[in-house]
>>> print(open('entry_5.cif').read())   # mmCIF, C-alpha atoms and all ligand atoms
data_upload
loop_
_atom_site.label_atom_id
_atom_site.label_comp_id
_atom_site.auth_asym_id
_atom_site.auth_seq_id
_atom_site.Cartn_x
_atom_site.Cartn_y
_atom_site.Cartn_z
CA MET A 1436 26.00 -1.85 -5.78
CA THR A 1437 28.65 -4.60 -5.93
CA ILE A 1438 26.16 -7.42 -5.29
CA THR A 1439 23.85 -6.34 -8.11
CA HIS A 1440 26.83 -5.60 -10.33
CA ASP A 1441 28.15 -9.15 -9.93
CA LYS A 1442 24.80 -10.81 -10.66
CA PHE A 1443 23.70 -8.76 -13.60
CA SER A 1444 26.72 -7.14 -15.24
CA GLY A 1445 27.15 -8.28 -18.84
CA GLY A 1446 23.59 -9.66 -19.06
CA THR A 1447 20.65 -8.22 -20.95
CA ALA A 1448 17.59 -6.58 -19.39
CA VAL A 1449 14.31 -6.25 -21.28
CA ILE A 1450 12.07 -3.63 -19.67
CA THR A 1451 8.54 -2.79 -20.82
CA GLY A 1452 7.29 0.74 -20.27
CA ALA A 1453 10.95 1.78 -20.17
CA ALA A 1454 10.52 5.23 -21.72
CA SER A 1455 9.30 6.84 -18.50
CA GLY A 1456 8.94 6.54 -14.73
CA ILE A 1457 9.92 3.36 -12.92
CA GLY A 1458 10.80 1.59 -16.18
CA GLU A 1459 13.16 4.41 -17.10
CA GLY A 1460 14.72 4.32 -13.62
CA LEU A 1461 15.25 0.56 -13.93
CA ALA A 1462 16.76 0.99 -17.40
CA ARG A 1463 19.17 3.65 -16.13
CA HIS A 1464 20.18 1.48 -13.18
CA ALA A 1465 20.61 -1.64 -15.35
CA ALA A 1466 22.87 0.27 -17.74
CA SER A 1467 24.83 1.73 -14.82
CA ILE A 1468 25.70 -1.77 -13.57
CA GLY A 1469 26.85 -2.94 -17.00
CA MET A 1470 23.74 -4.54 -18.47
CA ASN A 1471 22.63 -4.25 -22.08
CA VAL A 1472 19.11 -2.85 -22.09
CA VAL A 1473 16.15 -3.36 -24.40
CA LEU A 1474 13.70 -0.49 -23.93
CA ALA A 1475 10.21 -1.63 -24.93
CA ASP A 1476 7.54 1.05 -25.09
CA ILE A 1477 4.73 2.41 -27.23
CA ASP A 1478 6.37 5.83 -26.96
CA MET A 1479 9.17 5.35 -29.51
CA PRO A 1480 10.62 8.88 -29.55
CA ARG A 1481 11.25 8.80 -25.77
CA ALA A 1482 12.50 5.21 -25.84
CA GLU A 1483 14.93 5.98 -28.67
CA GLN A 1484 16.18 9.11 -26.94
CA LEU A 1485 16.86 7.14 -23.76
CA ALA A 1486 18.54 4.32 -25.72
CA ALA A 1487 20.90 6.84 -27.29
CA GLU A 1488 21.67 8.31 -23.87
CA LEU A 1489 22.33 4.91 -22.23
CA SER A 1490 24.48 3.40 -24.99
CA THR A 1491 28.15 3.49 -24.09
CA ALA A 1492 31.28 1.72 -25.25
CA ALA A 1493 30.61 -0.94 -22.59
CA THR A 1494 26.85 -1.45 -22.83
CA GLU A 1495 24.27 -1.38 -25.58
CA ALA A 1496 20.78 0.03 -25.25
CA THR A 1497 18.17 -0.38 -27.92
CA ALA A 1498 14.54 0.70 -28.26
CA VAL A 1499 11.89 -1.68 -29.60
CA GLN A 1500 8.41 -0.38 -30.34
CA THR A 1501 6.09 -2.60 -28.32
CA ASP A 1502 2.45 -2.58 -27.34
CA VAL A 1503 2.41 -5.00 -24.41
CA SER A 1504 -1.32 -5.59 -24.80
CA ASP A 1505 -0.69 -7.25 -28.18
CA PRO A 1506 0.74 -10.80 -27.97
CA SER A 1507 2.33 -10.59 -31.45
CA SER A 1508 4.04 -7.31 -30.55
CA VAL A 1509 5.55 -8.86 -27.40
CA GLU A 1510 6.58 -11.97 -29.36
CA GLY A 1511 8.35 -9.59 -31.78
CA LEU A 1512 10.08 -7.95 -28.82
CA ALA A 1513 11.36 -11.32 -27.58
CA ARG A 1514 12.58 -12.26 -31.06
CA ALA A 1515 14.37 -8.92 -31.43
CA ALA A 1516 16.00 -9.18 -27.99
CA TYR A 1517 17.27 -12.75 -28.53
CA GLU A 1518 18.45 -12.02 -32.08
CA ARG A 1519 20.43 -9.02 -30.92
CA PHE A 1520 21.82 -10.24 -27.59
CA GLY A 1521 21.51 -14.07 -27.65
CA SER A 1522 20.04 -14.30 -24.14
CA VAL A 1523 17.95 -12.35 -21.64
CA ARG A 1524 18.93 -12.30 -17.97
CA LEU A 1525 16.20 -9.99 -16.71
CA LEU A 1526 12.65 -9.39 -17.93
CA VAL A 1527 10.69 -6.59 -16.27
CA ASN A 1528 6.97 -6.55 -17.05
CA ASN A 1529 6.49 -2.96 -15.98
CA ALA A 1530 4.23 -1.10 -18.45
CA GLY A 1531 1.00 0.00 -16.80
CA ILE A 1532 -1.67 2.69 -16.93
CA GLU A 1533 -4.18 4.17 -14.48
CA ALA A 1534 -7.87 5.06 -14.54
CA SER A 1535 -10.01 6.59 -11.83
CA GLY A 1536 -13.74 6.92 -11.35
CA LEU A 1537 -16.70 4.96 -10.07
CA PHE A 1538 -16.64 1.32 -11.17
CA TRP A 1539 -19.66 1.71 -13.48
CA GLU A 1540 -18.70 5.15 -14.79
CA VAL A 1541 -15.30 4.12 -16.14
CA PRO A 1542 -16.14 3.32 -19.79
CA ILE A 1543 -15.99 -0.37 -20.59
CA ASP A 1544 -13.37 0.20 -23.31
CA ARG A 1545 -11.12 1.92 -20.74
CA TRP A 1546 -11.57 -1.03 -18.38
CA GLN A 1547 -10.63 -3.41 -21.18
CA ARG A 1548 -7.65 -1.35 -22.35
CA LEU A 1549 -6.31 -1.10 -18.80
CA LEU A 1550 -6.67 -4.84 -18.13
CA SER A 1551 -5.12 -5.69 -21.51
CA ILE A 1552 -2.02 -3.61 -20.62
CA ASN A 1553 -1.67 -4.12 -16.86
CA VAL A 1554 -2.58 -7.82 -16.80
CA GLY A 1555 -2.42 -8.86 -20.47
CA GLY A 1556 1.00 -7.21 -20.81
CA VAL A 1557 2.44 -9.36 -18.02
CA LEU A 1558 0.80 -12.49 -19.42
CA ASN A 1559 2.17 -11.73 -22.90
CA GLY A 1560 5.65 -11.10 -21.49
CA VAL A 1561 5.67 -14.41 -19.65
CA HIS A 1562 4.37 -16.30 -22.70
CA ALA A 1563 6.95 -14.84 -25.04
CA PHE A 1564 10.03 -14.97 -22.79
CA LEU A 1565 9.69 -17.89 -20.36
CA PRO A 1566 9.98 -20.68 -22.96
CA ARG A 1567 13.14 -19.04 -24.33
CA MET A 1568 14.59 -18.52 -20.85
CA ILE A 1569 13.84 -22.13 -19.87
CA ALA A 1570 15.29 -23.49 -23.14
CA SER A 1571 18.54 -21.57 -22.57
CA GLY A 1572 19.08 -23.27 -19.19
CA GLU A 1573 20.68 -20.04 -17.97
CA GLU A 1574 19.98 -18.16 -14.75
CA ALA A 1575 17.31 -15.54 -15.32
CA TYR A 1576 15.03 -13.14 -13.45
CA VAL A 1577 11.43 -12.07 -14.06
CA LEU A 1578 9.98 -9.04 -12.31
CA ASN A 1579 6.28 -8.25 -12.54
CA LEU A 1580 5.03 -4.83 -11.46
CA SER A 1581 2.06 -5.02 -9.13
CA SER A 1582 1.56 -2.33 -6.47
CA ILE A 1583 0.85 -1.94 -2.77
CA GLY A 1584 -2.62 -1.51 -4.29
CA GLY A 1585 -2.45 -5.24 -5.00
CA LEU A 1586 -2.80 -5.75 -1.24
CA SER A 1587 -5.64 -3.33 -0.66
CA ALA A 1588 -9.03 -2.10 -1.76
CA GLY A 1589 -10.00 1.51 -2.38
CA ALA A 1590 -12.87 3.45 -3.89
CA LEU A 1591 -12.69 5.03 -7.35
CA GLN A 1592 -9.81 2.88 -8.63
CA SER A 1593 -11.49 -0.41 -9.46
CA PRO A 1594 -9.82 -1.15 -12.84
CA TYR A 1595 -6.33 -0.41 -11.55
CA LEU A 1596 -6.66 -2.23 -8.23
CA THR A 1597 -8.30 -5.22 -9.93
CA SER A 1598 -5.35 -5.37 -12.33
CA LYS A 1599 -2.75 -5.18 -9.56
CA HIS A 1600 -4.42 -7.95 -7.53
CA ALA A 1601 -4.42 -10.03 -10.73
CA VAL A 1602 -0.70 -9.39 -11.33
CA LEU A 1603 0.06 -10.67 -7.84
CA ALA A 1604 -1.92 -13.88 -8.40
CA LEU A 1605 -0.28 -14.28 -11.80
CA THR A 1606 3.18 -13.84 -10.29
CA GLU A 1607 2.60 -16.20 -7.37
CA THR A 1608 1.35 -18.95 -9.68
CA LEU A 1609 4.20 -18.31 -12.12
CA TYR A 1610 6.69 -18.66 -9.26
CA LEU A 1611 5.24 -22.08 -8.39
CA ASP A 1612 5.15 -23.28 -12.01
CA VAL A 1613 8.81 -22.32 -12.48
CA LYS A 1614 9.66 -24.29 -9.31
CA THR A 1615 7.65 -27.23 -10.69
CA VAL A 1616 9.91 -27.49 -13.74
CA GLY A 1617 13.06 -26.68 -11.73
CA ALA A 1618 14.19 -23.86 -14.04
CA PRO A 1619 16.89 -21.50 -12.64
CA ILE A 1620 14.58 -18.52 -12.94
CA GLN A 1621 13.84 -16.20 -10.05
CA VAL A 1622 10.32 -14.77 -10.21
CA SER A 1623 9.55 -11.69 -8.09
CA ALA A 1624 6.61 -9.36 -7.56
CA VAL A 1625 7.34 -5.64 -7.24
CA LEU A 1626 4.87 -3.68 -5.11
CA PRO A 1627 5.94 -0.04 -5.29
CA GLY A 1628 4.79 2.62 -2.88
CA ALA A 1629 4.75 6.19 -4.16
CA VAL A 1630 7.25 6.90 -6.93
CA ARG A 1631 7.39 10.28 -8.70
CA THR A 1632 6.17 9.39 -12.21
CA GLN A 1633 3.69 10.50 -14.87
CA ILE A 1634 1.20 7.68 -14.29
CA TYR A 1635 -1.57 9.87 -12.86
CA SER A 1636 -0.98 12.96 -14.93
CA GLY A 1637 -1.61 10.82 -18.03
CA ALA A 1638 -4.45 8.80 -16.48
CA SER A 1639 -8.04 8.92 -17.62
CA ALA A 1640 -10.52 10.11 -15.00
CA SER A 1641 -14.27 9.55 -15.11
CA GLY A 1642 -16.63 11.93 -13.33
CA LEU A 1643 -15.84 14.61 -10.75
CA ALA A 1644 -14.89 12.14 -8.03
CA GLY A 1645 -12.55 10.34 -10.43
CA GLU A 1646 -10.89 13.63 -11.41
CA ALA A 1647 -10.52 14.65 -7.74
CA LEU A 1648 -8.86 11.32 -6.90
CA ARG A 1649 -6.56 11.53 -9.92
CA GLU A 1650 -5.36 14.96 -8.76
CA GLN A 1651 -4.98 13.76 -5.15
CA LEU A 1652 -2.93 10.73 -6.18
CA ASP A 1653 -0.80 12.81 -8.56
CA ARG A 1654 0.11 15.07 -5.60
CA TYR A 1655 0.72 12.00 -3.40
CA LEU A 1656 3.18 10.51 -5.91
CA GLY A 1657 4.99 13.86 -5.99
CA GLN A 1658 6.11 13.13 -2.42
CA GLY A 1659 7.47 9.71 -3.35
CA LEU A 1660 10.86 8.32 -4.34
CA THR A 1661 12.51 9.29 -7.59
CA PRO A 1662 12.46 6.50 -10.19
CA GLU A 1663 16.23 6.14 -9.74
CA GLN A 1664 15.86 5.61 -5.97
CA ALA A 1665 13.07 3.11 -6.61
CA ALA A 1666 15.24 1.23 -9.11
CA GLU A 1667 18.17 1.02 -6.72
CA SER A 1668 15.92 -0.41 -4.01
CA ILE A 1669 14.34 -2.92 -6.43
CA PHE A 1670 17.72 -4.16 -7.73
CA ALA A 1671 19.11 -4.56 -4.21
CA GLN A 1672 16.17 -6.75 -3.16
CA LEU A 1673 16.22 -8.65 -6.44
CA ALA A 1674 19.87 -9.52 -5.91
CA LYS A 1675 19.00 -10.91 -2.45
CA GLY A 1676 16.46 -13.28 -4.01
CA ALA A 1677 13.30 -11.65 -2.61
CA PHE A 1678 9.91 -12.64 -4.01
CA TRP A 1679 8.13 -9.65 -2.45
CA ILE A 1680 9.91 -6.47 -3.48
CA GLY A 1681 8.84 -3.04 -2.27
CA THR A 1682 10.34 0.26 -3.34
CA GLN A 1683 9.88 1.35 0.29
CA PRO A 1684 10.00 -1.97 2.19
CA GLU A 1685 8.38 -0.47 5.32
CA VAL A 1686 5.35 0.62 3.25
CA LEU A 1687 5.06 -2.85 1.75
CA GLU A 1688 5.23 -4.38 5.25
CA ALA A 1689 2.47 -2.05 6.49
CA PHE A 1690 0.19 -2.97 3.59
CA ALA A 1691 0.91 -6.70 4.01
CA ALA A 1692 0.04 -6.45 7.73
CA TYR A 1693 -3.17 -4.57 6.94
CA HIS A 1694 -4.14 -7.14 4.28
CA ALA A 1695 -3.36 -10.11 6.54
CA ASP A 1696 -5.30 -8.59 9.45
CA HIS A 1697 -8.28 -7.82 7.25
CA LEU A 1698 -8.36 -11.38 5.87
CA THR A 1699 -7.75 -13.00 9.26
CA LYS A 1700 -10.72 -11.18 10.76
CA LEU A 1701 -12.78 -11.53 7.55
CA THR A 1702 -13.83 -7.89 7.84
CA PRO A 1703 -15.51 -6.15 4.86
CA PRO A 1704 -13.27 -4.13 2.51
CA ALA A 1705 -11.82 -0.97 4.02
CA PRO A 1706 -9.17 1.32 2.52
CA PHE A 1707 -5.69 1.54 3.98
CA VAL A 1708 -6.13 5.14 5.13
CA ALA A 1709 -2.49 5.94 5.91
CA VAL A 1710 -1.77 5.97 2.18
CA ALA A 1711 -3.75 9.17 1.61
CA LYS A 1712 -1.83 11.15 4.27
N1 LIG B 1 4.45 5.41 -9.77
C1 LIG B 1 4.05 4.76 -8.71
O1 LIG B 1 4.01 5.29 -7.59
C2 LIG B 1 3.61 3.32 -8.84
C3 LIG B 1 3.13 2.69 -7.68
C4 LIG B 1 2.72 1.35 -7.76
C5 LIG B 1 2.85 0.67 -8.97
N2 LIG B 1 3.32 1.30 -10.07
C6 LIG B 1 3.42 0.52 -11.31
O2 LIG B 1 4.67 0.74 -11.92
C7 LIG B 1 4.56 0.56 -13.34
C8 LIG B 1 5.18 1.76 -14.05
O3 LIG B 1 4.41 2.90 -13.73
P1 LIG B 1 4.99 4.39 -13.75
O4 LIG B 1 4.45 5.04 -12.54
O5 LIG B 1 6.43 4.38 -14.01
O6 LIG B 1 4.16 4.97 -15.01
P2 LIG B 1 4.58 5.97 -16.20
O7 LIG B 1 3.27 6.42 -16.75
O8 LIG B 1 5.55 6.98 -15.75
O9 LIG B 1 5.31 5.00 -17.24
C9 LIG B 1 4.62 3.97 -17.91
C10 LIG B 1 5.30 3.67 -19.24
O10 LIG B 1 4.55 2.60 -19.86
C11 LIG B 1 4.41 2.90 -21.24
N3 LIG B 1 3.23 2.21 -21.77
C12 LIG B 1 1.92 2.51 -21.56
N4 LIG B 1 1.16 1.65 -22.25
C13 LIG B 1 1.98 0.80 -22.90
C14 LIG B 1 1.77 -0.30 -23.75
N5 LIG B 1 0.55 -0.68 -24.14
N6 LIG B 1 2.85 -0.97 -24.23
C15 LIG B 1 4.11 -0.56 -23.87
N7 LIG B 1 4.37 0.47 -23.07
C16 LIG B 1 3.31 1.15 -22.58
C17 LIG B 1 4.26 4.42 -21.28
O11 LIG B 1 4.53 4.94 -22.59
C18 LIG B 1 5.29 4.84 -20.23
O12 LIG B 1 6.57 4.99 -20.81
C19 LIG B 1 3.07 0.39 -13.62
O13 LIG B 1 2.77 -0.99 -13.77
C20 LIG B 1 2.42 0.93 -12.38
O14 LIG B 1 1.15 0.39 -12.14
C21 LIG B 1 3.69 2.61 -10.04
#
>>> encode(input="entry_5.cif", output="structure tokens")
Amino acid sequence: MTITHDKFSGGTAVITGAASGIGEGLARHAASIGMNVVLADIDMPRAEQLAAELSTAATEATAVQTDVSDPSSVEGLARAAYERFGSVRLLVNNAGIEASGLFWEVPIDRWQRLLSINVGGVLNGVHAFLPRMIASGEEAYVLNLSSIGGLSAGALQSPYLTSKHAVLALTETLYLDVKTVGAPIQVSAVLPGAVRTQIYSGASASGLAGEALREQLDRYLGQGLTPEQAAESIFAQLAKGAFWIGTQPEVLEAFAAYHADHLTKLTPPAPFVAVAK
């Protein structure tokens, strides 16, 4: 707690998808270590309720209605955050949605909506905030939410897994571009294992197989960490300067080993079966 407190206390965190789940856990943790928090979400009633709860005499929390898939909405978020707080120490591109079903049975508009949030949302966040962070010359942190699914393949989840692989590639290239310009910005990829959130209960499912998987994964997440535990783990690794951040580091290591082995042997795609246990 003291390490993260020293690094982040007094700074401002902007978190997308902050009204629920992992984003909410990160917002609660950020406020608990003395950060001001900007809660960006499409769900304004929940974001405003949380902002009211997290605002104290020492820290400010504010909700900003944001659709991360819309570049102008995310630009408005950045403007609002800088106008209110003057600088941003931590940006978390967290908002994401799920969809399950056979590749060709997931409607094309659901595919596009998912990619525009899960990938487009991260891209829009980087576009709106990085120039401001670089111009400030101050130390800053950018966290992009991928998944252990970004290191694996699996049936019936093609839009989601495609998006999480893309977020990893986006984050790795961003890391290198930030190094190229020598900005004091730490870029990290977060690859959560199971965290108890609403992501599957609210997910769209196509066909019977898609619905069965959605229910299976909803039960699987029910055995995971609480969002608060996930947030504590993420902040601890962030403070140590990690690029690869897992909510359960041993799960991340297992998926990385599986992915490396699969690529080394150039074997055809195969699911990481331990995940379904
Ligand atoms: N829960 C897990 O086990 C898990 C595992 C791996 C990765 N993740 C990733 O973590 C992130 C958060 O997921 P979660 O499980 O907390 O989900 P969640 O459904 O509990 O929360 C997602 C939040 O994002 C918001 N949101 C959705 N669309 C938005 C948009 N267009 N603009 C702004 N906000 C929007 C929702 O209103 C909600 O508050 C996602 O990127 C997800 O892929 C979660």
>>> residues_near_ligand(input="entry_5.cif", ligand="ligand LIG 1 (chain B)", cutoff="6 Å", atoms="only C-alpha atoms and all ligand atoms", output="count of residues only")
32
>>> residues_around(input="entry_5.cif", residues="segment 1460-1473 of chain A", least_positions_apart="2", cutoff="8 Å", atoms="only C-alpha atoms", output="count of residues only")
32
>>> closest_atom_pairs(input="entry_5.cif", of="segment 1510-1565 of chain A", to="segment 1608-1611 of chain A", cutoff="12 Å", atoms="all atoms listed in the file", output="CSV")
residue,atom,partner,partner_atom,distance
A:Val1557,CA,A:Leu1609,CA,10.9
A:Leu1558,CA,A:Leu1609,CA,9.9
A:Gly1560,CA,A:Leu1609,CA,11.9
A:Val1561,CA,A:Leu1609,CA,8.6
A:His1562,CA,A:Leu1609,CA,10.8
A:Leu1565,CA,A:Leu1609,CA,9.9
>>> atom_distance(input="entry_5.cif", atom1="atom CA of Gly1617 of chain A", atom2="atom CA of Pro1566 of chain A")
13.1 Å
>>> atom_distance(input="entry_5.cif", atom1="atom CA of Pro1704 of chain A", atom2="atom CA of Gln1547 of chain A")
23.8 Å
>>> atom_distance(input="entry_5.cif", atom1="atom CA of Arg1649 of chain A", atom2="atom CA of Ser1593 of chain A")
12.9 Å
>>> residues_around(input="entry_5.cif", residues="segment 1595-1600 of chain A", least_positions_apart="5", cutoff="7 Å", atoms="only C-alpha atoms", output="VMD selection string")
chain A and resid 1533 to 1534 1550 1553 to 1554 1581 to 1582 1584 to 1586 1588
>>> closest_residue(input="entry_5.cif", among="A:Ala1492, A:Leu1626, A:Ala1482, A:Leu1701", to="Asn1579 of chain A", atoms="only C-alpha atoms")
A:Leu1626
>>> closest_residue(input="entry_5.cif", among="A:Ser1623, A:Ser1522, A:Ser1587, A:Asn1559", to="His1694 of chain A", atoms="all atoms listed in the file")
A:Ser1587
>>> closest_residue(input="entry_5.cif", among="A:Glu1688, A:Asp1696, A:Asp1612, A:Glu1540", to="Gly1645 of chain A", atoms="all atoms listed in the file")
A:Glu1540
>>> build_atoms(input="entry_5.cif", residues="segment 1479-1501 of chain A", atoms="N, CA, C and O atoms", output="PDB file, in the coordinates of the input")
ATOM      1  N   MET A1479       7.873   5.582 -28.870  1.00  0.00           N
ATOM      2  CA  MET A1479       9.170   5.350 -29.510  1.00  0.00           C
ATOM      3  C   MET A1479      10.122   6.537 -29.414  1.00  0.00           C
ATOM      4  O   MET A1479      11.307   6.344 -29.130  1.00  0.00           O
ATOM      5  N   PRO A1480       9.659   7.772 -29.625  1.00  0.00           N
ATOM      6  CA  PRO A1480      10.620   8.880 -29.550  1.00  0.00           C
ATOM      7  C   PRO A1480      11.343   8.926 -28.201  1.00  0.00           C
ATOM      8  O   PRO A1480      12.568   9.066 -28.144  1.00  0.00           O
ATOM      9  N   ARG A1481      10.591   8.754 -27.092  1.00  0.00           N
ATOM     10  CA  ARG A1481      11.250   8.800 -25.770  1.00  0.00           C
ATOM     11  C   ARG A1481      12.139   7.590 -25.558  1.00  0.00           C
ATOM     12  O   ARG A1481      13.223   7.690 -24.981  1.00  0.00           O
ATOM     13  N   ALA A1482      11.692   6.420 -26.026  1.00  0.00           N
ATOM     14  CA  ALA A1482      12.500   5.210 -25.840  1.00  0.00           C
ATOM     15  C   ALA A1482      13.811   5.313 -26.631  1.00  0.00           C
ATOM     16  O   ALA A1482      14.888   4.943 -26.142  1.00  0.00           O
ATOM     17  N   GLU A1483      13.712   5.852 -27.845  1.00  0.00           N
ATOM     18  CA  GLU A1483      14.930   5.980 -28.670  1.00  0.00           C
ATOM     19  C   GLU A1483      15.901   7.008 -28.090  1.00  0.00           C
ATOM     20  O   GLU A1483      17.109   6.814 -28.107  1.00  0.00           O
ATOM     21  N   GLN A1484      15.330   8.079 -27.556  1.00  0.00           N
ATOM     22  CA  GLN A1484      16.180   9.110 -26.940  1.00  0.00           C
ATOM     23  C   GLN A1484      16.933   8.528 -25.745  1.00  0.00           C
ATOM     24  O   GLN A1484      18.131   8.745 -25.572  1.00  0.00           O
ATOM     25  N   LEU A1485      16.222   7.746 -24.937  1.00  0.00           N
ATOM     26  CA  LEU A1485      16.860   7.140 -23.760  1.00  0.00           C
ATOM     27  C   LEU A1485      17.906   6.104 -24.191  1.00  0.00           C
ATOM     28  O   LEU A1485      18.995   6.027 -23.611  1.00  0.00           O
ATOM     29  N   ALA A1486      17.583   5.326 -25.230  1.00  0.00           N
ATOM     30  CA  ALA A1486      18.540   4.320 -25.720  1.00  0.00           C
ATOM     31  C   ALA A1486      19.836   4.996 -26.148  1.00  0.00           C
ATOM     32  O   ALA A1486      20.938   4.529 -25.836  1.00  0.00           O
ATOM     33  N   ALA A1487      19.701   6.123 -26.834  1.00  0.00           N
ATOM     34  CA  ALA A1487      20.900   6.840 -27.290  1.00  0.00           C
ATOM     35  C   ALA A1487      21.704   7.323 -26.093  1.00  0.00           C
ATOM     36  O   ALA A1487      22.943   7.243 -26.073  1.00  0.00           O
ATOM     37  N   GLU A1488      20.990   7.787 -25.071  1.00  0.00           N
ATOM     38  CA  GLU A1488      21.670   8.310 -23.870  1.00  0.00           C
ATOM     39  C   GLU A1488      22.389   7.188 -23.101  1.00  0.00           C
ATOM     40  O   GLU A1488      23.468   7.389 -22.549  1.00  0.00           O
ATOM     41  N   LEU A1489      21.778   5.986 -23.065  1.00  0.00           N
ATOM     42  CA  LEU A1489      22.330   4.910 -22.230  1.00  0.00           C
ATOM     43  C   LEU A1489      23.401   4.083 -22.946  1.00  0.00           C
ATOM     44  O   LEU A1489      24.120   3.320 -22.298  1.00  0.00           O
ATOM     45  N   SER A1490      23.483   4.193 -24.261  1.00  0.00           N
ATOM     46  CA  SER A1490      24.480   3.400 -24.990  1.00  0.00           C
ATOM     47  C   SER A1490      25.877   3.958 -24.740  1.00  0.00           C
ATOM     48  O   SER A1490      26.107   5.155 -24.892  1.00  0.00           O
ATOM     49  N   THR A1491      26.766   3.080 -24.330  1.00  0.00           N
ATOM     50  CA  THR A1491      28.150   3.490 -24.090  1.00  0.00           C
ATOM     51  C   THR A1491      29.060   2.486 -24.802  1.00  0.00           C
ATOM     52  O   THR A1491      28.577   1.527 -25.417  1.00  0.00           O
ATOM     53  N   ALA A1492      30.346   2.669 -24.651  1.00  0.00           N
ATOM     54  CA  ALA A1492      31.280   1.720 -25.250  1.00  0.00           C
ATOM     55  C   ALA A1492      31.096   0.340 -24.596  1.00  0.00           C
ATOM     56  O   ALA A1492      31.272  -0.696 -25.235  1.00  0.00           O
ATOM     57  N   ALA A1493      30.695   0.324 -23.325  1.00  0.00           N
ATOM     58  CA  ALA A1493      30.610  -0.940 -22.590  1.00  0.00           C
ATOM     59  C   ALA A1493      29.253  -1.619 -22.692  1.00  0.00           C
ATOM     60  O   ALA A1493      29.153  -2.845 -22.637  1.00  0.00           O
ATOM     61  N   THR A1494      28.188  -0.844 -22.810  1.00  0.00           N
ATOM     62  CA  THR A1494      26.850  -1.450 -22.830  1.00  0.00           C
ATOM     63  C   THR A1494      26.029  -0.910 -23.992  1.00  0.00           C
ATOM     64  O   THR A1494      26.197   0.224 -24.406  1.00  0.00           O
ATOM     65  N   GLU A1495      25.129  -1.773 -24.463  1.00  0.00           N
ATOM     66  CA  GLU A1495      24.270  -1.380 -25.580  1.00  0.00           C
ATOM     67  C   GLU A1495      22.860  -1.182 -25.082  1.00  0.00           C
ATOM     68  O   GLU A1495      22.354  -2.002 -24.306  1.00  0.00           O
ATOM     69  N   ALA A1496      22.209  -0.155 -25.539  1.00  0.00           N
ATOM     70  CA  ALA A1496      20.780   0.030 -25.250  1.00  0.00           C
ATOM     71  C   ALA A1496      20.058   0.203 -26.570  1.00  0.00           C
ATOM     72  O   ALA A1496      20.535   0.906 -27.459  1.00  0.00           O
ATOM     73  N   THR A1497      18.908  -0.468 -26.672  1.00  0.00           N
ATOM     74  CA  THR A1497      18.170  -0.380 -27.920  1.00  0.00           C
ATOM     75  C   THR A1497      16.677  -0.250 -27.622  1.00  0.00           C
ATOM     76  O   THR A1497      16.186  -0.820 -26.639  1.00  0.00           O
ATOM     77  N   ALA A1498      15.979   0.508 -28.456  1.00  0.00           N
ATOM     78  CA  ALA A1498      14.540   0.700 -28.260  1.00  0.00           C
ATOM     79  C   ALA A1498      13.770  -0.185 -29.237  1.00  0.00           C
ATOM     80  O   ALA A1498      14.134  -0.279 -30.400  1.00  0.00           O
ATOM     81  N   VAL A1499      12.735  -0.851 -28.725  1.00  0.00           N
ATOM     82  CA  VAL A1499      11.890  -1.680 -29.600  1.00  0.00           C
ATOM     83  C   VAL A1499      10.440  -1.248 -29.388  1.00  0.00           C
ATOM     84  O   VAL A1499       9.923  -1.327 -28.260  1.00  0.00           O
ATOM     85  N   GLN A1500       9.814  -0.800 -30.445  1.00  0.00           N
ATOM     86  CA  GLN A1500       8.410  -0.380 -30.340  1.00  0.00           C
ATOM     87  C   GLN A1500       7.554  -1.582 -29.957  1.00  0.00           C
ATOM     88  O   GLN A1500       7.548  -2.606 -30.650  1.00  0.00           O
ATOM     89  N   THR A1501       6.856  -1.465 -28.836  1.00  0.00           N
ATOM     90  CA  THR A1501       6.090  -2.600 -28.320  1.00  0.00           C
ATOM     91  C   THR A1501       4.787  -2.099 -27.713  1.00  0.00           C
ATOM     92  O   THR A1501       4.783  -1.148 -26.937  1.00  0.00           O
TER      93      THR A1501
END
